[in-house]
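The structure under discussion appears below in the form of structure tokens.
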Amino acid sequence: MKTIAYVIGNNDYFEGAQLKCAVNDATGIAAIFRRLGYDVIEKLNFKSKECPEILTSFEDKIKYYDASIFYYAGHGFELEGENYLIPIDYQIPPINKYEAGRYCLKLTEILGILKKNSGKVNIVIIDACRKTFDRGGVNSFSHVLAPKGTLIAFSTSPNEGAKDGNGQNGHSVYTSALLQYIGRETLSVESLFKKVRKTVYNLTNGTQTPWEHTSLIGDFFFNTGQLVYSVEIPYDEHVVKDSLFNEGDVFGNLISELRSCDWNRQNPAMEKICRMPASDLNKNQQFILGRNLYQANGYAWKVQTFFENLEKNLSKYNKDKENHVLNGILFEIYFNNKGDFRNELKKHDFDRVFLLRKNPIYAKSFEFIRNVLQPYKEQLFYIPAIQDEPIDIDISAEEKKDRTSFGEDTIQIIHKVNVENKDITKAFARYCSSGINESGVKSYLSNFLTAPQDLIQIHSNVSLQKILFAEELLDEDILWQ
């Protein structure tokens with residue numbers, strides 16, 4: 001789901017009204033939204049003259065997205081039934097509603113934009129006081145109703161104050177709780193805010209209770225599996241997101257050579273790496289070495305030679321039943337250089353890597369990748385493990401006689417391909433060649449599913465000797481992804 005997040009945080013109000021944590025809250029929220037793959041617009045300490053620009057920008061951009069999030073941390077107040085979000089250069093309290101309407105952001109203006117985009121998922125999060133100057137206005141916010149397709153979340157209930165601080169890492173209690181839960185891939189948005197509400201209530205001894213109003217129709221999950229670094233991975237972020245790796249020492253330079261996609265540079269680098277004792281490399285270096293070996297395998301013959309005898313060549317990196325190089329190789333198959341789960345897995349030589357699952361000395365590496373892949377199990381047909389079960393494929397086909405220039409031939413027309421109750425027929429029809437037998441189909445299925453061929457078990461109602469796919473499968477758009 002393509003999502004845009006508009007994040008605002010204001011600290012630098014006039015003397016006596018300054019806040020300590022709102023900017024930190026906004027930057028923390030913006031950072032995790034970026035890690036979730038959202039397009040983020042971040043505004044810190046905005047002034048009155050920027051209000052029209054904020055509204056115009058939000059209105060212009062939201063139409064190109066499936067979902068939107070508007071987050072605000074700063075002072076807020078209610079005046080004659082209208083709720084206002086206050087720029088840093090506006091006085092508190094306001095002179096009157098006309099002044100406030102001219103120089104502040106109206107919550108109704110934001111909701112009005114969302115109302116025009118009710119076919120999307122829209123979320124508004126307001127971490128502003130609703131009673132006192134702990135963080136906010138002179139009055140409680142007035143009651144608001146969420147437009148269709150919208151959830152509005154406030155950090156407090158009416159007539160309660162919000163704490164500016166007292167959360168973890170210099171955040172407000174509310175945003176601190178939000179940051180704790182927002183990366184959990186199993187939480188729907190309603191479940192998430194319920195957990196936030198309980199946490200804030202408990203941490204403030206009942207003095208602050210978050211409040212939501214929702215008219216969402218479907219489910220929304222902040223994290224559907226794209227936030228890789230939310231799982232416990234025993235490596236530093238700069239190797240999990242290896243685009244951040246930029247070390248200028250001898251080893252770092254060798255990694256740069258492996259990344260060059262130039263075999264004239266990769267082959268000499270690989271020779272030097274093979275001569276390096278494993279004890280000279282820490283676990284982060286071994287992990288990123290594994291990732292880059294798998295990347296370079298399609299280019300440099302020295303690396304290809306390494307993979308041709310992979311089991312033996314990896315054994316020198318075994319220590320205490322761990323193999324961080326193999327962990328890096330396995331990780332590279334599934335995750336890109338930003339640490340995000342790949343839309344299309346890297347499949348070059350995956351079958352050679354997966355063969356190692358049969359060797360007990362590599363058990364911890366396959367346990368590692370299995371744990372890392374748990375949040376993505378619904379997106380995968382196979383997760384490598386030491387003890388595997390067969391992958392059952394049900395194929396429904398009809399046998400027909402086909403006249404060719406060489407005479408009459410028997411073909412099998414495939415209408416349905418199911419993997420563990422998942423229909424992959426249309427996507428596989430465009431992936432697999434026609435005219436092949438069951439052995440050929442099994443080979444294509446292995447690559448399509450990124451699974452060992454020896455685990456593929458085909459169950460078909462006819463013997464597959466020369467297959468074709470039904471014409472309607474090739475004429476329609478692919479629905480499975």
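Ordering of the structure tokens sets the chain letters (A, B, ...); residue numbers start at 1 within each chain; ligands are numbered from 1 in the order shown.
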Enumerate, as a ChimeraX atom specification, the complete set of residues in region 155-330 of chain A that a backbone-based DSSP assignment places in strand (DSSP E or B). /A:166,172,211-214,319,322
Selection export as a PDB file, in the first residue's frame, atoms kept: N, CA and C atoms:
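Done, and the output landed in selection-v2.pdb:
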```pdb
ATOM      1  N   ASN A 166       8.603  12.580  29.806  1.00  0.00           N
ATOM      2  CA  ASN A 166       8.298  11.426  30.653  1.00  0.00           C
ATOM      3  C   ASN A 166       8.199  10.109  29.891  1.00  0.00           C
ATOM      4  N   SER A 172       7.469  12.279  24.288  1.00  0.00           N
ATOM      5  CA  SER A 172       6.277  12.327  25.129  1.00  0.00           C
ATOM      6  C   SER A 172       5.863  10.906  25.460  1.00  0.00           C
ATOM      7  N   TRP A 211      -7.340   8.804  23.023  1.00  0.00           N
ATOM      8  CA  TRP A 211      -8.722   8.712  22.540  1.00  0.00           C
ATOM      9  C   TRP A 211      -8.709   8.651  21.020  1.00  0.00           C
ATOM     10  N   GLU A 212      -9.561   7.805  20.454  1.00  0.00           N
ATOM     11  CA  GLU A 212      -9.654   7.690  18.998  1.00  0.00           C
ATOM     12  C   GLU A 212     -11.106   7.732  18.542  1.00  0.00           C
ATOM     13  N   HIS A 213     -11.259   8.205  17.318  1.00  0.00           N
ATOM     14  CA  HIS A 213     -12.553   8.096  16.646  1.00  0.00           C
ATOM     15  C   HIS A 213     -12.265   7.566  15.244  1.00  0.00           C
ATOM     16  N   THR A 214     -12.990   6.530  14.849  1.00  0.00           N
ATOM     17  CA  THR A 214     -12.667   5.889  13.571  1.00  0.00           C
ATOM     18  C   THR A 214     -13.905   5.616  12.730  1.00  0.00           C
ATOM     19  N   LYS A 319      32.271 -21.210  13.789  1.00  0.00           N
ATOM     20  CA  LYS A 319      32.788 -21.009  15.137  1.00  0.00           C
ATOM     21  C   LYS A 319      31.631 -21.058  16.125  1.00  0.00           C
ATOM     22  N   GLU A 322      28.202 -21.311  14.845  1.00  0.00           N
ATOM     23  CA  GLU A 322      27.683 -20.168  14.099  1.00  0.00           C
ATOM     24  C   GLU A 322      28.458 -20.031  12.795  1.00  0.00           C
TER      25      GLU A 322
END
```
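The protein and nucleic acid residues lying at most 10 Å from Lys106 (chain A) are Cys51, Leu55, Gly76, Glu78, Glu82, Asn83, Tyr84, Leu85, Ile86, Ala100 and Gly112 of chain A, with only C-alpha atoms considered and sequence neighbours fewer than 6 positions away removed.
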Skipping near chain neighbours, those fewer than 4 positions away, what residues fall within 9 Å of region 301-316 of chain A using only C-alpha atoms, listed as an NGL selection string? :A and (263 or 266-268 or 270-271 or 274 or 277-278 or 293-294 or 296-297 or 323 or 325-326 or 349 or 352-353 or 355-356 or 359 or 361)
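If you count only C-alpha atoms and ignore residues fewer than 5 places along the chain from Phe287 (chain A), what sits within 8 Å of it is Tyr235, Val239, His324, Val325, Leu326, Asn327, Gly328 and Ile329 of chain A.
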Contacts of Lys47 (chain A) at 8 Å or less, counting only C-alpha atoms, minus same-chain residues fewer than 4 places along, as a PyMOL selection string? chain A and resi 51+87-90
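If you count only C-alpha atoms and ignore residues fewer than 2 places along the chain from Gln295 (chain A), what sits within 10 Å of it is Leu258, Arg259, Cys261, Leu289, Gly290, Arg291, Asn292, Leu293, Asn297, Gly298, Tyr299, Ala300, Val303, Ile329, Glu332, Ile333, Lys346 and His348 of chain A.
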Suppose we keep N, CA and C atoms; can you now write the selection as a CSV table (one decimal), in the first residue's frame?
```csv
chain,number,residue,atom,x,y,z
A,258,LEU,N,34.3,-6.1,-4.5
A,258,LEU,CA,33.3,-7.1,-4.8
A,258,LEU,C,32.0,-6.5,-5.3
A,259,ARG,N,31.7,-5.3,-4.9
A,259,ARG,CA,30.5,-4.6,-5.3
A,259,ARG,C,30.6,-4.0,-6.7
A,261,CYS,N,30.9,-5.0,-9.7
A,261,CYS,CA,30.3,-5.6,-10.9
A,261,CYS,C,31.3,-5.7,-12.1
A,289,LEU,N,30.3,-9.8,4.3
A,289,LEU,CA,31.1,-10.6,3.3
A,289,LEU,C,30.1,-11.6,2.6
A,290,GLY,N,29.3,-12.3,3.4
A,290,GLY,CA,28.4,-13.3,2.8
A,290,GLY,C,27.4,-12.6,1.9
A,291,ARG,N,26.9,-11.5,2.2
A,291,ARG,CA,26.0,-10.8,1.4
A,291,ARG,C,26.6,-10.4,0.1
A,292,ASN,N,27.8,-9.9,0.1
A,292,ASN,CA,28.5,-9.4,-1.1
A,292,ASN,C,29.0,-10.6,-2.0
A,293,LEU,N,29.3,-11.7,-1.3
A,293,LEU,CA,29.7,-12.9,-2.1
A,293,LEU,C,28.5,-13.4,-3.0
A,297,ASN,N,28.4,-13.4,-7.2
A,297,ASN,CA,28.4,-14.7,-7.7
A,297,ASN,C,28.0,-14.8,-9.2
A,298,GLY,N,27.3,-13.8,-9.7
A,298,GLY,CA,26.9,-13.8,-11.1
A,298,GLY,C,27.9,-13.1,-12.0
A,299,TYR,N,29.0,-12.6,-11.4
A,299,TYR,CA,29.9,-11.8,-12.2
A,299,TYR,C,31.3,-12.4,-12.2
A,300,ALA,N,31.9,-12.7,-11.1
A,300,ALA,CA,33.3,-13.1,-11.0
A,300,ALA,C,33.5,-14.6,-10.9
A,303,VAL,N,34.5,-16.0,-7.5
A,303,VAL,CA,33.4,-16.1,-6.6
A,303,VAL,C,32.6,-17.4,-6.9
A,329,ILE,N,24.8,-14.7,3.4
A,329,ILE,CA,24.3,-15.2,2.1
A,329,ILE,C,22.8,-15.5,2.1
A,332,GLU,N,20.9,-12.2,2.1
A,332,GLU,CA,20.9,-11.5,0.8
A,332,GLU,C,19.9,-12.0,-0.2
A,333,ILE,N,19.5,-13.3,-0.1
A,333,ILE,CA,18.5,-13.8,-1.0
A,333,ILE,C,17.2,-13.1,-0.8
A,346,LYS,N,16.3,-12.8,-4.7
A,346,LYS,CA,17.5,-13.1,-5.5
A,346,LYS,C,17.6,-14.6,-5.6
A,348,HIS,N,19.8,-16.5,-7.9
A,348,HIS,CA,21.0,-17.1,-8.5
A,348,HIS,C,21.7,-18.1,-7.5
```
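Distance annotation: of A:Lys198, A:Tyr65, A:Arg430, A:Leu216, the residue with the minimal separation from Ala146 (chain A) is A:Leu216; atom set is only C-alpha atoms.
Interatomic distance, CA of Asp394 (chain A) to CA of Glu472 (chain A): 19.1 Å.
Using only C-alpha atoms for every distance, the candidate list A:Phe220, A:Tyr362, A:Phe354, A:Phe193 yields A:Phe193 as the residue closest to Ala177 (chain A).
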Just the number, please: distance in Å from CA of Met1 (chain A) to CA of Ala26 (chain A), one decimal. 22.3 Å
Near-region 383-388 of chain A list (6 Å; only C-alpha atoms; drop same-chain fewer than 2 positions) as a list in words: Arg357, Lys358 and Phe366 of chain A
Residues of the last selection are to be written out with C-alpha atoms, as a short mmCIF file (atom, residue, chain, number, x, y, z; two decimals), in the first residue's frame.
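Written file, selection.cif:
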```
data_model
loop_
_atom_site.label_atom_id
_atom_site.label_comp_id
_atom_site.auth_asym_id
_atom_site.auth_seq_id
_atom_site.Cartn_x
_atom_site.Cartn_y
_atom_site.Cartn_z
CA ARG A 357 20.39 -27.26 5.15
CA LYS A 358 21.08 -31.00 5.12
CA PHE A 366 18.99 -21.94 8.89
#
```
Would you please give, as a PyMOL selection string, all residues of region 257-381 of chain A that DSSP assigns to helix (DSSP H, G or I) based on the backbone? chain A and resi 257-258+263-275+278-280+283-296+301-308+310-315+324-334+350-358+360-372+374-379
